[in-house]
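File shown here: work_22.cif, holding mmCIF, C-alpha atoms.
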data_model
#
loop_
_atom_site.label_atom_id
_atom_site.label_comp_id
_atom_site.auth_asym_id
_atom_site.auth_seq_id
_atom_site.Cartn_x
_atom_site.Cartn_y
_atom_site.Cartn_z
CA MET N 1 -83.33 -66.97 154.73
CA ALA N 2 -80.95 -68.18 152.03
CA ILE N 3 -80.25 -66.42 148.76
CA ILE N 4 -81.31 -68.62 145.82
CA ILE N 5 -78.64 -69.20 143.19
CA SER N 6 -80.76 -69.20 140.03
CA GLY N 7 -79.15 -71.37 137.37
CA LYS N 8 -82.01 -70.36 135.09
CA ASP N 9 -81.11 -66.66 135.29
CA LEU N 10 -77.37 -67.33 134.98
CA ALA N 11 -77.93 -69.57 131.95
CA LYS N 12 -80.14 -66.93 130.32
CA SER N 13 -77.38 -64.34 130.71
CA LYS N 14 -74.76 -66.76 129.35
CA LYS N 15 -76.93 -67.61 126.32
CA MET N 16 -77.41 -63.92 125.49
CA LYS N 17 -73.63 -63.40 125.50
CA MET N 18 -73.09 -66.50 123.35
CA ALA N 19 -75.77 -65.37 120.86
CA GLU N 20 -73.94 -62.05 120.55
CA GLU N 21 -70.67 -63.91 119.91
CA VAL N 22 -72.14 -66.36 117.38
CA LYS N 23 -74.02 -63.81 115.25
CA ASP N 24 -70.83 -62.76 113.42
CA PHE N 25 -69.54 -66.32 112.84
CA ALA N 26 -71.38 -66.88 109.55
CA HIS N 27 -69.68 -63.81 108.07
CA GLN N 28 -66.35 -64.45 109.77
CA TYR N 29 -66.05 -68.23 109.20
CA SER N 30 -68.72 -68.91 106.52
CA ARG N 31 -70.62 -71.15 108.94
CA VAL N 32 -71.83 -71.41 112.55
CA PRO N 33 -71.10 -74.03 115.26
CA HIS N 34 -72.87 -77.34 114.65
CA LEU N 35 -73.99 -79.73 117.40
CA ALA N 36 -75.16 -83.26 116.54
CA VAL N 37 -77.23 -85.06 119.18
CA ILE N 38 -78.09 -88.78 119.01
CA LEU N 39 -81.25 -89.83 120.84
CA VAL N 40 -81.92 -93.56 121.20
CA GLY N 41 -85.43 -94.58 122.25
CA GLU N 42 -88.25 -92.58 123.81
CA ASP N 43 -87.22 -92.25 127.47
CA PRO N 44 -89.27 -89.22 128.67
CA GLY N 45 -86.34 -87.69 130.57
CA SER N 46 -84.00 -88.06 127.59
CA VAL N 47 -86.59 -86.64 125.17
CA SER N 48 -87.05 -83.63 127.47
CA TYR N 49 -83.29 -83.04 127.80
CA VAL N 50 -82.79 -83.21 124.03
CA ARG N 51 -85.66 -80.79 123.48
CA GLY N 52 -83.98 -78.38 125.91
CA LYS N 53 -80.72 -78.62 123.96
CA GLU N 54 -82.50 -78.00 120.66
CA LYS N 55 -84.18 -74.90 122.13
CA ALA N 56 -80.86 -73.54 123.44
CA CYS N 57 -79.24 -74.03 120.02
CA ILE N 58 -82.03 -72.01 118.38
CA GLU N 59 -81.73 -69.21 120.97
CA ILE N 60 -77.97 -68.90 120.47
CA GLY N 61 -77.77 -69.49 116.73
CA ILE N 62 -76.00 -72.85 116.82
CA GLN N 63 -76.89 -75.36 114.10
CA ASN N 64 -78.46 -78.46 115.60
CA THR N 65 -78.97 -81.92 114.13
CA THR N 66 -80.88 -84.45 116.22
CA ILE N 67 -80.60 -88.05 115.06
CA LYS N 68 -83.40 -90.16 116.52
CA LYS N 69 -83.13 -93.94 116.56
CA PRO N 70 -85.34 -96.67 118.07
CA ASP N 71 -84.15 -98.45 121.22
CA THR N 72 -83.75 -101.62 119.12
CA ILE N 73 -80.75 -100.12 117.27
CA GLU N 74 -77.67 -102.34 117.23
CA GLU N 75 -74.42 -101.11 118.72
CA GLU N 76 -72.58 -101.38 115.40
CA GLU N 77 -75.10 -99.12 113.65
CA LEU N 78 -74.68 -96.53 116.41
CA LEU N 79 -70.89 -96.72 116.06
CA THR N 80 -71.23 -96.23 112.30
CA ILE N 81 -73.29 -93.05 112.86
CA ILE N 82 -70.61 -91.72 115.24
CA THR N 83 -67.86 -92.52 112.71
CA LEU N 84 -69.70 -90.53 110.03
CA LEU N 85 -70.15 -87.58 112.40
CA ASN N 86 -66.48 -87.79 113.42
CA GLU N 87 -65.50 -87.53 109.77
CA ASP N 88 -67.95 -84.72 108.95
CA ALA N 89 -65.96 -81.47 109.02
CA SER N 90 -69.15 -79.44 109.40
CA VAL N 91 -69.93 -81.07 112.79
CA ASP N 92 -68.17 -79.52 115.79
CA GLY N 93 -69.79 -81.35 118.69
CA ILE N 94 -71.27 -84.83 119.13
CA LEU N 95 -73.46 -85.83 122.06
CA VAL N 96 -75.07 -89.21 122.69
CA GLN N 97 -77.96 -88.81 125.14
CA LEU N 98 -77.62 -91.17 128.09
CA PRO N 99 -78.82 -93.60 129.32
CA LEU N 100 -78.62 -96.00 126.40
CA PRO N 101 -80.53 -99.31 126.17
CA SER N 102 -78.97 -102.14 128.19
CA HIS N 103 -77.82 -104.09 125.11
CA ILE N 104 -75.51 -101.22 124.11
CA HIS N 105 -72.13 -100.76 125.78
CA SER N 106 -72.34 -97.06 126.72
CA GLU N 107 -68.64 -96.64 127.43
CA ARG N 108 -67.69 -98.01 124.00
CA ILE N 109 -70.06 -95.52 122.38
CA ILE N 110 -68.75 -92.53 124.36
CA GLN N 111 -65.11 -93.39 123.70
CA ALA N 112 -65.85 -93.69 119.95
CA ILE N 113 -66.56 -89.93 119.79
CA ARG N 114 -63.56 -87.89 118.65
CA LYS N 115 -62.07 -86.16 121.70
CA ASP N 116 -62.18 -82.74 120.00
CA LYS N 117 -65.94 -83.19 119.32
CA ASP N 118 -66.74 -84.66 122.74
CA VAL N 119 -68.79 -81.71 124.05
CA ASP N 120 -69.89 -83.72 127.11
CA GLY N 121 -66.25 -84.04 128.24
CA PHE N 122 -66.59 -87.80 128.82
CA HIS N 123 -63.82 -89.06 126.50
CA ARG N 124 -60.91 -90.56 128.44
CA ASP N 125 -58.49 -87.98 126.99
CA ASN N 126 -60.67 -85.09 128.21
CA VAL N 127 -61.06 -86.73 131.63
CA ALA N 128 -57.28 -87.18 131.81
CA ALA N 129 -56.74 -83.55 130.79
CA LEU N 130 -58.90 -82.42 133.73
CA TYR N 131 -56.86 -84.42 136.23
CA LEU N 132 -53.54 -83.41 134.67
CA LYS N 133 -54.55 -79.72 134.48
CA GLN N 134 -54.09 -79.71 130.72
CA PRO N 135 -56.30 -78.12 128.02
CA GLY N 136 -59.39 -80.21 127.31
CA ILE N 137 -63.19 -80.18 127.32
CA VAL N 138 -64.63 -79.93 130.83
CA SER N 139 -67.79 -81.87 131.59
CA CYS N 140 -70.86 -79.60 131.48
CA THR N 141 -72.49 -80.14 134.87
CA PRO N 142 -69.31 -79.75 136.99
CA LYS N 143 -68.37 -76.71 134.91
CA GLY N 144 -71.83 -75.20 135.54
CA ILE N 145 -71.61 -75.84 139.29
CA LEU N 146 -68.32 -73.94 139.55
CA GLU N 147 -69.82 -71.06 137.56
CA MET N 148 -72.75 -70.95 139.99
CA LEU N 149 -70.32 -70.62 142.92
CA ASP N 150 -68.36 -68.00 141.00
CA SER N 151 -71.58 -66.01 140.38
CA ILE N 152 -71.87 -65.34 144.13
CA SER N 153 -68.14 -64.46 144.31
CA TYR N 154 -67.63 -67.36 146.69
CA GLU N 155 -63.99 -67.77 147.71
CA LEU N 156 -63.32 -71.52 147.72
CA GLU N 157 -59.70 -71.35 148.81
CA GLY N 158 -59.30 -72.83 152.28
CA LYS N 159 -62.98 -73.81 152.52
CA ARG N 160 -64.20 -77.32 153.30
CA ALA N 161 -66.28 -78.81 150.50
CA CYS N 162 -68.25 -82.05 150.62
CA VAL N 163 -69.40 -83.79 147.45
CA ILE N 164 -72.17 -86.33 147.99
CA GLY N 165 -71.82 -88.91 145.22
CA ARG N 166 -68.85 -90.26 143.28
CA SER N 167 -70.14 -90.61 139.72
CA LYS N 168 -67.77 -90.15 136.79
CA ILE N 169 -70.17 -87.57 135.32
CA VAL N 170 -70.56 -85.24 138.33
CA GLY N 171 -69.10 -86.28 141.68
CA MET N 172 -65.51 -87.05 140.72
CA PRO N 173 -64.94 -84.19 138.23
CA VAL N 174 -66.58 -81.52 140.41
CA ALA N 175 -64.38 -82.64 143.32
CA LYS N 176 -61.32 -82.09 141.11
CA LEU N 177 -62.51 -78.62 140.03
CA LEU N 178 -63.05 -77.69 143.70
CA LEU N 179 -59.55 -78.97 144.52
CA ASP N 180 -58.17 -76.80 141.72
CA GLN N 181 -59.72 -73.82 143.53
CA ASN N 182 -57.79 -74.86 146.68
CA ALA N 183 -60.82 -76.12 148.60
CA THR N 184 -60.34 -79.05 150.98
CA VAL N 185 -62.60 -81.69 149.44
CA THR N 186 -64.22 -84.80 150.88
CA ILE N 187 -66.30 -87.19 148.77
CA VAL N 188 -68.96 -89.22 150.58
CA HIS N 189 -70.93 -92.06 149.01
CA SER N 190 -73.14 -95.08 149.67
CA LYS N 191 -70.42 -96.87 151.66
CA THR N 192 -69.53 -93.87 153.85
CA LYS N 193 -70.46 -94.34 157.49
CA HIS N 194 -72.12 -91.45 159.32
CA ILE N 195 -72.32 -89.19 156.25
CA GLU N 196 -73.96 -86.42 158.30
CA GLN N 197 -70.81 -86.06 160.42
CA VAL N 198 -68.87 -85.13 157.28
CA THR N 199 -71.52 -82.94 155.64
CA LYS N 200 -72.06 -80.94 158.85
CA GLU N 201 -68.42 -79.78 158.76
CA ALA N 202 -68.61 -78.55 155.15
CA ASP N 203 -68.79 -74.91 154.08
CA VAL N 204 -69.98 -76.07 150.65
CA VAL N 205 -72.12 -79.13 149.95
CA ILE N 206 -72.63 -80.46 146.42
CA ALA N 207 -75.46 -83.03 146.44
CA ALA N 208 -75.26 -85.44 143.49
CA VAL N 209 -76.54 -88.70 144.91
CA GLY N 210 -79.79 -89.28 142.96
CA LYS N 211 -82.03 -89.75 146.02
CA PRO N 212 -85.09 -87.53 146.56
CA ARG N 213 -84.71 -85.11 149.50
CA PHE N 214 -81.72 -87.09 150.84
CA VAL N 215 -80.02 -84.06 152.39
CA ARG N 216 -81.85 -82.85 155.50
CA ALA N 217 -81.35 -79.75 157.64
CA ASP N 218 -79.61 -81.74 160.39
CA MET N 219 -76.90 -82.71 157.87
CA ILE N 220 -75.95 -79.12 157.03
CA LYS N 221 -74.12 -76.56 159.12
CA GLU N 222 -75.47 -73.06 159.63
CA GLY N 223 -74.57 -70.67 156.82
CA ALA N 224 -73.29 -73.31 154.38
CA VAL N 225 -73.63 -73.07 150.58
CA VAL N 226 -75.63 -75.92 149.02
CA ILE N 227 -75.76 -76.84 145.33
CA ASP N 228 -78.39 -79.45 144.47
CA VAL N 229 -77.57 -81.51 141.37
CA GLY N 230 -80.28 -84.14 141.80
CA VAL N 231 -83.21 -84.51 139.43
CA ASN N 232 -85.71 -86.93 140.94
CA ARG N 233 -89.43 -87.62 141.04
CA ASP N 234 -90.94 -87.12 144.47
CA PRO N 235 -92.45 -90.54 145.34
CA LEU N 236 -95.46 -88.85 146.99
CA THR N 237 -96.28 -86.01 144.58
CA ASN N 238 -94.54 -87.24 141.39
CA LYS N 239 -93.18 -83.69 140.99
CA LEU N 240 -89.54 -82.92 140.20
CA CYS N 241 -87.36 -82.55 143.26
CA GLY N 242 -83.68 -82.50 144.11
CA ASP N 243 -81.39 -84.46 146.41
CA VAL N 244 -81.87 -81.75 149.04
CA ASP N 245 -84.98 -81.29 151.15
CA PHE N 246 -85.23 -77.64 150.07
CA ASP N 247 -88.02 -76.60 152.44
CA GLN N 248 -86.07 -77.94 155.42
CA VAL N 249 -82.63 -76.67 154.44
CA VAL N 250 -83.39 -73.21 152.97
CA SER N 251 -83.71 -71.43 156.33
CA LYS N 252 -80.37 -72.78 157.57
CA VAL N 253 -77.99 -71.96 154.72
CA SER N 254 -76.61 -68.77 153.17
CA TYR N 255 -76.97 -69.82 149.50
CA ILE N 256 -78.83 -72.69 147.85
CA SER N 257 -79.89 -73.80 144.35
CA LYS N 258 -83.36 -75.13 143.53
CA VAL N 259 -84.65 -78.03 141.46
CA PRO N 260 -85.83 -77.31 138.83
CA GLY N 261 -84.18 -74.06 137.73
CA GLY N 262 -80.76 -74.65 139.25
CA VAL N 263 -77.96 -76.82 137.86
CA GLY N 264 -80.00 -78.15 134.89
CA PRO N 265 -80.10 -74.92 132.85
CA MET N 266 -76.40 -74.34 133.59
CA THR N 267 -75.54 -77.79 132.24
CA ILE N 268 -77.23 -76.95 128.93
CA SER N 269 -75.61 -73.50 128.67
CA CYS N 270 -72.18 -75.04 129.35
CA LEU N 271 -72.87 -77.60 126.62
CA MET N 272 -73.50 -74.71 124.21
CA GLU N 273 -70.28 -73.05 125.42
CA ASN N 274 -68.32 -76.28 124.84
CA THR N 275 -69.77 -76.53 121.31
CA ILE N 276 -68.61 -72.98 120.53
CA GLU N 277 -65.15 -73.73 121.96
CA CYS N 278 -64.87 -76.85 119.77
CA PHE N 279 -65.98 -74.84 116.73
CA LEU N 280 -63.37 -72.11 117.33
CA LYS N 281 -60.66 -74.74 117.80
CA HIS N 282 -61.65 -76.37 114.50
CA MET N 283 -61.63 -72.99 112.73
CA GLU N 284 -58.18 -72.26 114.13
CA GLU N 285 -56.87 -75.63 112.90
CA GLU N 286 -58.37 -75.03 109.44
CA HIS N 287 -56.57 -71.71 109.11
CA ASP N 288 -53.19 -72.85 110.45
#

Encoded form (structure tokens):
Amino acid sequence: MAIIISGKDLAKSKKMKMAEEVKDFAHQYSRVPHLAVILVGEDPGSVSYVRGKEKACIEIGIQNTTIKKPDTIEEEELLTIITLLNEDASVDGILVQLPLPSHIHSERIIQAIRKDKDVDGFHRDNVAALYLKQPGIVSCTPKGILEMLDSISYELEGKRACVIGRSKIVGMPVAKLLLDQNATVTIVHSKTKHIEQVTKEADVVIAAVGKPRFVRADMIKEGAVVIDVGVNRDPLTNKLCGDVDFDQVVSKVSYISKVPGGVGPMTISCLMENTIECFLKHMEEEHD
């Protein structure tokens, strides 16, 4: 039976360490890190995610401002809010909760955030920094996935890794981080023929495809490590489930993450970590 990689437990440990670090900031820097989150509309998933971020900020001691706007907001008004936050020296990190309503150009909004306040790591300069191996802000979910693998002391060098999904948010950046650890990486996607032939050869499988229980036991080789990034609603039970059929796969692999309680909590803890890093960089620039 596989060992469960608990993102929930790892995130809890990370948050305790961050809280210890942050508690002296008010005395040392006269303020604490400040994260501003913009929530547009009432999408239940988005509301839940934002609530989780607010809770993490409270636990760690990070100042949080959540700006809530109706889904009828015009793009220009949203850009004006971002400009004000960019110019506010007391704000260290800015996050716009996705998805945005269809009448708003999401990419334009994301790129309007100052790169040194882009705690999601989505700004083109931060994406470029990742691919050029230069200092920058690393996207939270890929960062969390690598930390989960590191928590089991998994040696990626020379291993075969398969990433299912090629999104800009998870699939592509996590593939680059795996490459940086000297893994041999293959990305499969909706146009890949015979996906199972590729996944069955992988020592590590990262499932980020957005399809409930897509990854079955016959797609995974014995003893592999599986990280499930998916957050879906089971069409039969309406309960949260991942991209991996956990009940099928768990007896075949050596390590696996669950949904919920896996990658999700790590994403939030890495967001907090990115906010602290941005804060410390701003403090360093102020005192130069």

Could you list, as an mmCIF file with C-alpha atoms, keeping the file's coordinate frame, every residue matched by the PyMOL selection byres ((chain N and resi 219) around 7) in this structure?
data_model
loop_
_atom_site.group_PDB
_atom_site.id
_atom_site.type_symbol
_atom_site.label_atom_id
_atom_site.label_comp_id
_atom_site.auth_asym_id
_atom_site.auth_seq_id
_atom_site.Cartn_x
_atom_site.Cartn_y
_atom_site.Cartn_z
ATOM 1 C CA GLU N 196 -73.960 -86.420 158.300
ATOM 2 C CA THR N 199 -71.520 -82.940 155.640
ATOM 3 C CA LYS N 200 -72.060 -80.940 158.850
ATOM 4 C CA VAL N 215 -80.020 -84.060 152.390
ATOM 5 C CA ARG N 216 -81.850 -82.850 155.500
ATOM 6 C CA ALA N 217 -81.350 -79.750 157.640
ATOM 7 C CA ASP N 218 -79.610 -81.740 160.390
ATOM 8 C CA ILE N 220 -75.950 -79.120 157.030
ATOM 9 C CA LYS N 221 -74.120 -76.560 159.120
#

Polymer residues at most 8 Å from Val229 (chain N), only C-alpha atoms, same-chain spacing of 3 or more positions, as JSON, numbers by chain: {"N": [206, 207, 208, 242, 243, 259, 262, 263, 264]}

Option closest in space to Gly158 (chain N), from N:Gln28, N:Thr141, N:Ser251, N:Asn182 [counting only C-alpha atoms]: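 Once distances to Gly158 (chain N) are computed over only C-alpha atoms, the minimum belongs to N:Asn182.
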
Using the chain letters and numbers from the file, give me the residues hit by the PyMOL selection byres ((chain N and resi 95-102) around 10), as a ChimeraX atom specification. /N:35-41,43,45-47,49-50,66-67,70-75,78,82,93-94,103-106,109-110,113,117-122,271

Extract, using only C-alpha atoms, all DNA, RNA and protein residues at most 9 Å from Asp9 (chain N), discarding same-chain residues fewer than 4 positions from it, and format them as a ChimeraX atom specification. /N:5,13-14,261-262,265

Shell of 10 Å around Met16 (chain N), all atoms listed in the file, local chain residues under 5 positions omitted, as a PyMOL selection string: chain N and resi 11+21-22+59-60

I would like the residues chosen by the PyMOL selection byres ((chain N and resi 174-178) around 8) on the shown file; could you give them as a VMD selection string? chain N and resid 130 to 131 142 to 143 145 to 146 156 161 163 170 to 173 179 to 187

Taking every listed atom of region 120-123 of chain N and adding 5 Å to each side, what centre and edge lengths in Å (one decimal) does the axis-aligned box have, as lines of an AutoDock Vina configuration file?
center_x = -66.9
center_y = -86.4
center_z = 127.7
size_x = 16.1
size_y = 15.3
size_z = 12.3

If you count only C-alpha atoms, which residues fall within 12 Å of Pro135 (chain N), apart from same-chain ones fewer than 2 positions away, as a list in words? Lys115, Asp116, Gly121, Asp125, Asn126, Val127, Ala128, Ala129, Leu130, Tyr131, Leu132, Lys133, Ile137, Val138, Glu277, Cys278 and Lys281 of chain N

So which residues are close to (-73.4, -74.9, 121.1), meaning at most 10 Å away in the file's coordinates with only C-alpha atoms counted, and can you show them as a ChimeraX atom specification? /N:15,18-19,22,32-36,53-54,56-58,60-64,92-93,119,268-279

Any chance you could export the current selection's C-alpha atoms as a PDB file, in the coordinates of the input?
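Output below, filename selection.pdb:
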ATOM      1  CA  LYS N  15     -76.930 -67.610 126.320  1.00  0.00           C
ATOM      2  CA  MET N  18     -73.090 -66.500 123.350  1.00  0.00           C
ATOM      3  CA  ALA N  19     -75.770 -65.370 120.860  1.00  0.00           C
ATOM      4  CA  VAL N  22     -72.140 -66.360 117.380  1.00  0.00           C
ATOM      5  CA  VAL N  32     -71.830 -71.410 112.550  1.00  0.00           C
ATOM      6  CA  PRO N  33     -71.100 -74.030 115.260  1.00  0.00           C
ATOM      7  CA  HIS N  34     -72.870 -77.340 114.650  1.00  0.00           C
ATOM      8  CA  LEU N  35     -73.990 -79.730 117.400  1.00  0.00           C
ATOM      9  CA  ALA N  36     -75.160 -83.260 116.540  1.00  0.00           C
ATOM     10  CA  LYS N  53     -80.720 -78.620 123.960  1.00  0.00           C
ATOM     11  CA  GLU N  54     -82.500 -78.000 120.660  1.00  0.00           C
ATOM     12  CA  ALA N  56     -80.860 -73.540 123.440  1.00  0.00           C
ATOM     13  CA  CYS N  57     -79.240 -74.030 120.020  1.00  0.00           C
ATOM     14  CA  ILE N  58     -82.030 -72.010 118.380  1.00  0.00           C
ATOM     15  CA  ILE N  60     -77.970 -68.900 120.470  1.00  0.00           C
ATOM     16  CA  GLY N  61     -77.770 -69.490 116.730  1.00  0.00           C
ATOM     17  CA  ILE N  62     -76.000 -72.850 116.820  1.00  0.00           C
ATOM     18  CA  GLN N  63     -76.890 -75.360 114.100  1.00  0.00           C
ATOM     19  CA  ASN N  64     -78.460 -78.460 115.600  1.00  0.00           C
ATOM     20  CA  ASP N  92     -68.170 -79.520 115.790  1.00  0.00           C
ATOM     21  CA  GLY N  93     -69.790 -81.350 118.690  1.00  0.00           C
ATOM     22  CA  VAL N 119     -68.790 -81.710 124.050  1.00  0.00           C
ATOM     23  CA  ILE N 268     -77.230 -76.950 128.930  1.00  0.00           C
ATOM     24  CA  SER N 269     -75.610 -73.500 128.670  1.00  0.00           C
ATOM     25  CA  CYS N 270     -72.180 -75.040 129.350  1.00  0.00           C
ATOM     26  CA  LEU N 271     -72.870 -77.600 126.620  1.00  0.00           C
ATOM     27  CA  MET N 272     -73.500 -74.710 124.210  1.00  0.00           C
ATOM     28  CA  GLU N 273     -70.280 -73.050 125.420  1.00  0.00           C
ATOM     29  CA  ASN N 274     -68.320 -76.280 124.840  1.00  0.00           C
ATOM     30  CA  THR N 275     -69.770 -76.530 121.310  1.00  0.00           C
ATOM     31  CA  ILE N 276     -68.610 -72.980 120.530  1.00  0.00           C
ATOM     32  CA  GLU N 277     -65.150 -73.730 121.960  1.00  0.00           C
ATOM     33  CA  CYS N 278     -64.870 -76.850 119.770  1.00  0.00           C
ATOM     34  CA  PHE N 279     -65.980 -74.840 116.730  1.00  0.00           C
TER      35      PHE N 279
END
